[in-house]
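Scroll down for the structure; my scribbles are underneath it.
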Amino acid sequence: MPFRPFRRSPRLAVSALFFFNGGLFGGWAARVPSIKAALDIGEGTLGLLLLAAAAGAILSFPLAGRLTDSIGAARTSRLVAVLYAPSLPALALASEPWHLALLLFVFGATHGGMDISMNAWGAEVERARGRSTMVSFHAMWSLGAGVGAGVGALAIASGLSVGAHFTVHALLLAGPTLWLASVPWQSRMGRGRKAPLIALPRGALVWVGVLGLCAMIGEGAIADWGALLLIERLAADEARAVLAFSFFSVAMVAMRLAGDRIVARLGPVRVARIGGAVTAAGTVLILLAPSVEIAWIGFAVTGAGTATIAPLVYARAARDPVIPPGAALAGVSTLGYGSLFIGPPLIGAIAEVASLTAGFWVLVGMALLVVALAGALRSPAS
């Protein structure tokens with residue numbers, strides 16, 4: 001066979017950015033119990049600290065949306081990725097709770113800002129290819145998050161410190177990602193309006209954003225509280241507990257890899273309704289599981305149900321006929337992806353007042369709301 005040199009492409013560039021973004025988030029999720037123990041803080045305090053990440057993400061959305069519409073999604077993605085990489089190892093520097101709050105603000109801002117720009121770039125690549133690819137891009141995010149959590153479990157088992165783990169993890173991911181993302185690409189650009197303090201969806205996108213909130217609030221809660229739930233409820237050791245997020249993420253990857261074909265056959269509304277019902281069933285299984293192994297199955301079922309919702313929300317926002325992609329994604333993300341960070345503080349507050357198990361029952365209700373709101377994903381033309 002003739003030798004074919006490796007060639008970078010826009011699709012590969014966007015896939016790498018999604019993997020990188022998820023990989024750093026998964027690394028953080030794996031070490032939440034370690035950081036909680038090191039700072040000797042309770043669940044309520046941890047929940048309040050996580051609000052700093054939520055604030056950083058929400059405040060970054062309008063700025064990233066404006067920058068995306070002004071200089072292009074590709075350039076914005078590369079710029080924010082450079083800032084996001086060091087924000088993970090910086091979290092290990094916290095020696096006091098207020099230190100962690102400041103560092104989580106930066107982590108949330110860079111994570112959220114990159115989410116806006118890379119989804120906008122992904123929508124541009126999808127339009128250029130003329131076929132659905134957004135779900136597969138999000139599969140790479142889930143794969144990165146699962147790998148990040150799995151590496152975290154290995155780091156814990158080997159006794160690696162949080163600082164060493166986060167530093168090596170970020171360096172190994174950043175180099176290849178930035179190289180792959182340097183592929184030439186001309187984004188559609190326009191004049192970005194002055195960014196508001198908080199971006200909110202308008203018109204038909206309001207219900208799209210609410211749907212995203214209901215779906216993704218559970219994803220954030222499982223990332224930050226899933227391992228602690230197994231430790232408290234089933235007395236799981238830390239290394240086995242953090243594997244729950246890997247099961248969740250791997251199931252998301254598998255479903256998202258097939259998601260574009262499923263959406264083409266069933267349509268976004270039906271897929272969202274089925275996904276919400278499956279998510280609710282999986283969360284109930286987690287809460288009633290008699291063993292860690294059965295709980296892992298519940299995490300996998302929940303991941304499969306959640307898998308397609310975020311890509312469908314982003315795809316619907318990016319193709320809005322009235323609002324530019326950057327602004328549309330920023331508004332929807334405030335309610336949708338912002339809940340990835342808002343969910344953990346909410347669960348922490350409920351856990352402080354009642355129990356962590358009670359907090360997870362709230363997620364069942366959120367999943368059922370996805371079923372009720374799925375009609376918001378209909379194409380504007382239909």
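Chain identifiers are assigned as A, B, and so on, following the order in which chains appear in the structure tokens; residues are numbered from 1 within each chain, and ligands are numbered from 1 in order of appearance.
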Per DSSP on the backbone, what are the alpha helix (DSSP H) residues of region 125-174 of chain A, as an NGL selection string?
:A and (125-129 or 134-157 or 162-174)
With 10 Å as the cut-off and only C-alpha atoms counted, what is the closest atom pair between each nearby residue of region 12-110 of chain A and region 207-230 of chain A? Distances in Å to one decimal, ordered by chain and number, as CSV.
residue,atom,partner,partner_atom,distance
A:Phe25,CA,A:Ala223,CA,8.7
A:Gly26,CA,A:Ala223,CA,7.6
A:Trp28,CA,A:Asp224,CA,8.6
A:Ala29,CA,A:Ala223,CA,5.4
A:Ala30,CA,A:Ala223,CA,8.0
A:Arg31,CA,A:Asp224,CA,9.1
A:Val32,CA,A:Asp224,CA,6.5
A:Pro33,CA,A:Leu228,CA,6.8
A:Glu43,CA,A:Trp225,CA,9.3
A:Leu46,CA,A:Asp224,CA,9.8
A:Gly47,CA,A:Asp224,CA,9.4
A:Leu50,CA,A:Asp224,CA,9.2
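Between Glu96 (chain A) and the candidates A:Lys36, A:Arg270, A:His169, A:Arg378, the tightest atom-to-atom separation, counting only C-alpha atoms, involves A:Lys36.
CA of Leu103 (chain A) is found 27.7 Å from CA of Ala328 (chain A).
Take the candidates A:Phe61, A:Ser77, A:Leu178, A:Arg273 and check each one against Ala376 (chain A) using only C-alpha atoms; the shortest distance goes to A:Arg273.
Distances here use only C-alpha atoms; by that measure, the residue among A:Val135, A:Leu39, A:Val151, A:Ala272 closest to His165 (chain A) is A:Val151.
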Mind checking which residues fall within 12 Å of Leu377 (chain A), counting only C-alpha atoms, ignoring those fewer than 5 positions away in the same chain, and posting them as a PyMOL selection string?
chain A and resi 204-212+263+267-273+308-320+370-372+382
For the residues selected in the previous step, produce a file with N, CA, C and O atoms as a CSV table (one decimal), in the first residue's frame.
chain,number,residue,atom,x,y,z
A,204,ALA,N,-37.8,31.6,20.6
A,204,ALA,CA,-38.0,30.1,20.7
A,204,ALA,C,-36.8,29.4,21.4
A,204,ALA,O,-37.0,28.3,21.9
A,205,LEU,N,-35.7,30.1,21.5
A,205,LEU,CA,-34.5,29.4,22.1
A,205,LEU,C,-34.7,29.4,23.7
A,205,LEU,O,-33.9,28.7,24.3
A,206,VAL,N,-35.7,30.1,24.2
A,206,VAL,CA,-35.8,30.0,25.7
A,206,VAL,C,-36.1,28.6,26.1
A,206,VAL,O,-35.5,28.1,27.0
A,207,TRP,N,-37.1,27.9,25.4
A,207,TRP,CA,-37.4,26.6,25.8
A,207,TRP,C,-36.3,25.6,25.5
A,207,TRP,O,-36.1,24.6,26.1
A,208,VAL,N,-35.5,25.9,24.4
A,208,VAL,CA,-34.4,25.1,24.1
A,208,VAL,C,-33.4,25.1,25.3
A,208,VAL,O,-32.8,24.1,25.7
A,209,GLY,N,-33.2,26.3,25.8
A,209,GLY,CA,-32.3,26.5,26.9
A,209,GLY,C,-32.7,25.8,28.2
A,209,GLY,O,-32.0,25.2,28.9
A,210,VAL,N,-34.1,25.9,28.4
A,210,VAL,CA,-34.6,25.2,29.6
A,210,VAL,C,-34.5,23.7,29.5
A,210,VAL,O,-34.1,23.0,30.5
A,211,LEU,N,-34.7,23.2,28.3
A,211,LEU,CA,-34.5,21.8,28.0
A,211,LEU,C,-33.0,21.4,28.3
A,211,LEU,O,-32.8,20.3,29.0
A,212,GLY,N,-32.1,22.2,27.8
A,212,GLY,CA,-30.7,21.9,28.1
A,212,GLY,C,-30.4,21.9,29.6
A,212,GLY,O,-29.6,21.1,30.0
A,263,VAL,N,-30.6,10.0,15.2
A,263,VAL,CA,-31.3,11.3,15.0
A,263,VAL,C,-31.8,11.3,13.6
A,263,VAL,O,-33.0,11.8,13.3
A,267,GLY,N,-35.5,11.5,14.4
A,267,GLY,CA,-35.8,12.9,14.5
A,267,GLY,C,-35.4,13.3,15.9
A,267,GLY,O,-35.4,12.6,16.9
A,268,PRO,N,-35.0,14.6,16.1
A,268,PRO,CA,-34.5,15.1,17.4
A,268,PRO,C,-35.5,15.0,18.5
A,268,PRO,O,-35.2,14.8,19.7
A,269,VAL,N,-36.8,15.3,18.2
A,269,VAL,CA,-37.8,15.3,19.3
A,269,VAL,C,-38.0,14.0,19.9
A,269,VAL,O,-38.0,13.8,21.2
A,270,ARG,N,-38.1,12.9,19.1
A,270,ARG,CA,-38.3,11.6,19.6
A,270,ARG,C,-37.1,11.1,20.3
A,270,ARG,O,-37.2,10.4,21.4
A,271,VAL,N,-35.9,11.4,19.8
A,271,VAL,CA,-34.7,11.0,20.4
A,271,VAL,C,-34.6,11.6,21.8
A,271,VAL,O,-34.2,10.9,22.8
A,272,ALA,N,-34.9,12.9,21.9
A,272,ALA,CA,-34.8,13.6,23.2
A,272,ALA,C,-35.8,12.9,24.2
A,272,ALA,O,-35.5,12.8,25.4
A,273,ARG,N,-37.0,12.6,23.8
A,273,ARG,CA,-38.0,12.0,24.7
A,273,ARG,C,-37.6,10.7,25.2
A,273,ARG,O,-37.7,10.4,26.4
A,308,THR,N,-27.4,12.2,23.8
A,308,THR,CA,-27.8,13.0,22.6
A,308,THR,C,-28.4,14.4,22.9
A,308,THR,O,-28.5,15.2,22.0
A,309,ILE,N,-28.7,14.6,24.2
A,309,ILE,CA,-29.5,15.9,24.5
A,309,ILE,C,-28.7,17.1,24.2
A,309,ILE,O,-29.1,18.0,23.5
A,310,ALA,N,-27.5,17.2,24.8
A,310,ALA,CA,-26.7,18.4,24.6
A,310,ALA,C,-26.3,18.7,23.2
A,310,ALA,O,-26.5,19.8,22.7
A,311,PRO,N,-25.9,17.7,22.4
A,311,PRO,CA,-25.7,18.0,20.9
A,311,PRO,C,-26.9,18.5,20.2
A,311,PRO,O,-26.8,19.4,19.4
A,312,LEU,N,-28.1,17.9,20.5
A,312,LEU,CA,-29.3,18.4,19.9
A,312,LEU,C,-29.6,19.8,20.3
A,312,LEU,O,-30.1,20.6,19.4
A,313,VAL,N,-29.4,20.2,21.5
A,313,VAL,CA,-29.6,21.5,22.0
A,313,VAL,C,-28.7,22.5,21.3
A,313,VAL,O,-29.1,23.6,20.8
A,314,TYR,N,-27.4,22.2,21.2
A,314,TYR,CA,-26.5,23.1,20.5
A,314,TYR,C,-26.7,23.2,19.0
A,314,TYR,O,-26.6,24.2,18.4
A,315,ALA,N,-27.1,22.0,18.4
A,315,ALA,CA,-27.3,22.1,16.9
A,315,ALA,C,-28.6,23.0,16.6
A,315,ALA,O,-28.6,23.7,15.7
A,316,ARG,N,-29.6,22.8,17.5
A,316,ARG,CA,-30.8,23.7,17.3
A,316,ARG,C,-30.4,25.2,17.5
A,316,ARG,O,-30.9,26.0,16.7
A,317,ALA,N,-29.6,25.5,18.5
A,317,ALA,CA,-29.3,26.9,18.7
A,317,ALA,C,-28.4,27.4,17.5
A,317,ALA,O,-28.7,28.6,17.1
A,318,ALA,N,-27.5,26.7,17.1
A,318,ALA,CA,-26.6,27.1,16.0
A,318,ALA,C,-27.2,27.4,14.7
A,318,ALA,O,-26.8,28.1,13.9
A,319,ARG,N,-28.4,26.7,14.4
A,319,ARG,CA,-29.1,26.9,13.2
A,319,ARG,C,-30.3,27.8,13.3
A,319,ARG,O,-31.1,27.9,12.4
A,320,ASP,N,-30.4,28.6,14.4
A,320,ASP,CA,-31.5,29.5,14.5
A,320,ASP,C,-31.4,30.5,13.4
A,320,ASP,O,-30.4,31.1,13.1
A,370,VAL,N,-37.3,16.7,30.7
A,370,VAL,CA,-36.8,16.6,29.3
A,370,VAL,C,-37.8,16.0,28.4
A,370,VAL,O,-38.0,16.4,27.3
A,371,VAL,N,-38.4,14.9,28.9
A,371,VAL,CA,-39.5,14.2,28.1
A,371,VAL,C,-40.6,15.2,27.7
A,371,VAL,O,-41.0,15.3,26.6
A,372,ALA,N,-41.0,16.0,28.7
A,372,ALA,CA,-42.1,17.0,28.5
A,372,ALA,C,-41.7,18.1,27.5
A,372,ALA,O,-42.5,18.7,26.8
A,382,SER,N,-40.3,23.7,10.6
A,382,SER,CA,-41.3,22.6,10.7
A,382,SER,C,-42.5,23.1,11.5
A,382,SER,O,-42.5,24.0,12.2
Closest to Met134 (chain A) among A:Arg256, A:Arg265, A:His99, A:Arg7, using only C-alpha atoms?
A:Arg256
If we count only C-alpha atoms and set the cut-off at 7 Å, which residues sit around Gly282 (chain A), ignoring sequence neighbours fewer than 5 positions away in its own chain? Please answer as a list in words.
Gly298, Phe299, Val301 and Thr302 of chain A
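CA of Ile71 (chain A) to CA of Phe18 (chain A) spans 19.9 Å [interatomic distance, one decimal].
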Ala351 (chain A): which residues within 8 Å, counting only C-alpha atoms, same-chain residues fewer than 5 positions away excluded, as an mmCIF file with all heavy atoms, in the first residue's frame?
data_model
loop_
_atom_site.group_PDB
_atom_site.id
_atom_site.type_symbol
_atom_site.label_atom_id
_atom_site.label_comp_id
_atom_site.auth_asym_id
_atom_site.auth_seq_id
_atom_site.Cartn_x
_atom_site.Cartn_y
_atom_site.Cartn_z
ATOM 1 N N GLU A 43 -19.957 18.843 52.590
ATOM 2 C CA GLU A 43 -20.654 18.836 51.311
ATOM 3 C C GLU A 43 -21.269 20.192 51.002
ATOM 4 O O GLU A 43 -21.244 20.660 49.856
ATOM 5 C CB GLU A 43 -21.731 17.747 51.323
ATOM 6 C CG GLU A 43 -21.153 16.338 51.359
ATOM 7 C CD GLU A 43 -22.208 15.290 51.650
ATOM 8 O OE1 GLU A 43 -23.322 15.663 52.070
ATOM 9 O OE2 GLU A 43 -21.927 14.101 51.450
ATOM 10 N N GLY A 44 -21.838 20.844 52.022
ATOM 11 C CA GLY A 44 -22.440 22.153 51.798
ATOM 12 C C GLY A 44 -21.408 23.179 51.368
ATOM 13 O O GLY A 44 -21.648 23.972 50.448
ATOM 14 N N LEU A 356 -27.503 13.312 50.338
ATOM 15 C CA LEU A 356 -27.038 13.254 48.963
ATOM 16 C C LEU A 356 -28.006 12.430 48.110
ATOM 17 O O LEU A 356 -28.247 12.736 46.938
ATOM 18 C CB LEU A 356 -25.624 12.659 48.903
ATOM 19 C CG LEU A 356 -24.807 12.876 47.632
ATOM 20 C CD1 LEU A 356 -24.781 14.343 47.238
ATOM 21 C CD2 LEU A 356 -23.397 12.340 47.828
ATOM 22 N N THR A 357 -28.570 11.386 48.707
ATOM 23 C CA THR A 357 -29.554 10.578 47.984
ATOM 24 C C THR A 357 -30.769 11.419 47.594
ATOM 25 O O THR A 357 -31.275 11.320 46.469
ATOM 26 C CB THR A 357 -30.000 9.388 48.857
ATOM 27 O OG1 THR A 357 -28.864 8.569 49.138
ATOM 28 C CG2 THR A 357 -31.055 8.554 48.142
ATOM 29 N N ALA A 358 -31.231 12.265 48.493
ATOM 30 C CA ALA A 358 -32.369 13.141 48.191
ATOM 31 C C ALA A 358 -32.039 14.074 47.033
ATOM 32 O O ALA A 358 -32.889 14.341 46.169
ATOM 33 C CB ALA A 358 -32.750 13.949 49.429
ATOM 34 N N GLY A 359 -30.807 14.560 46.999
ATOM 35 C CA GLY A 359 -30.396 15.419 45.904
ATOM 36 C C GLY A 359 -30.473 14.722 44.562
ATOM 37 O O GLY A 359 -30.884 15.308 43.557
#
Just to confirm, what's the straight-line distance from CA of Leu363 (chain A) to CA of Asn21 (chain A) in Å (one decimal)?
24.0 Å
What's around region 109-124 of chain A at 8 Å? Count only C-alpha atoms, leave out sequence neighbours fewer than 3 positions away in its own chain, and write the answer as JSON, numbers by chain.
{"A": [11, 14, 17, 18, 21, 53, 55, 56, 57, 58, 59, 60, 61, 63, 64, 65, 68, 73, 74, 76, 77, 80, 81, 83, 84, 87, 105, 106, 127, 128, 133, 134, 137, 187, 314, 315, 318, 325, 326, 329, 330, 333, 337, 338]}
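The nearest approach to Trp361 (chain A) among the residues A:Ser34, A:Ser379, A:Thr283, A:Ser291, with only C-alpha atoms taken into account, belongs to A:Thr283.
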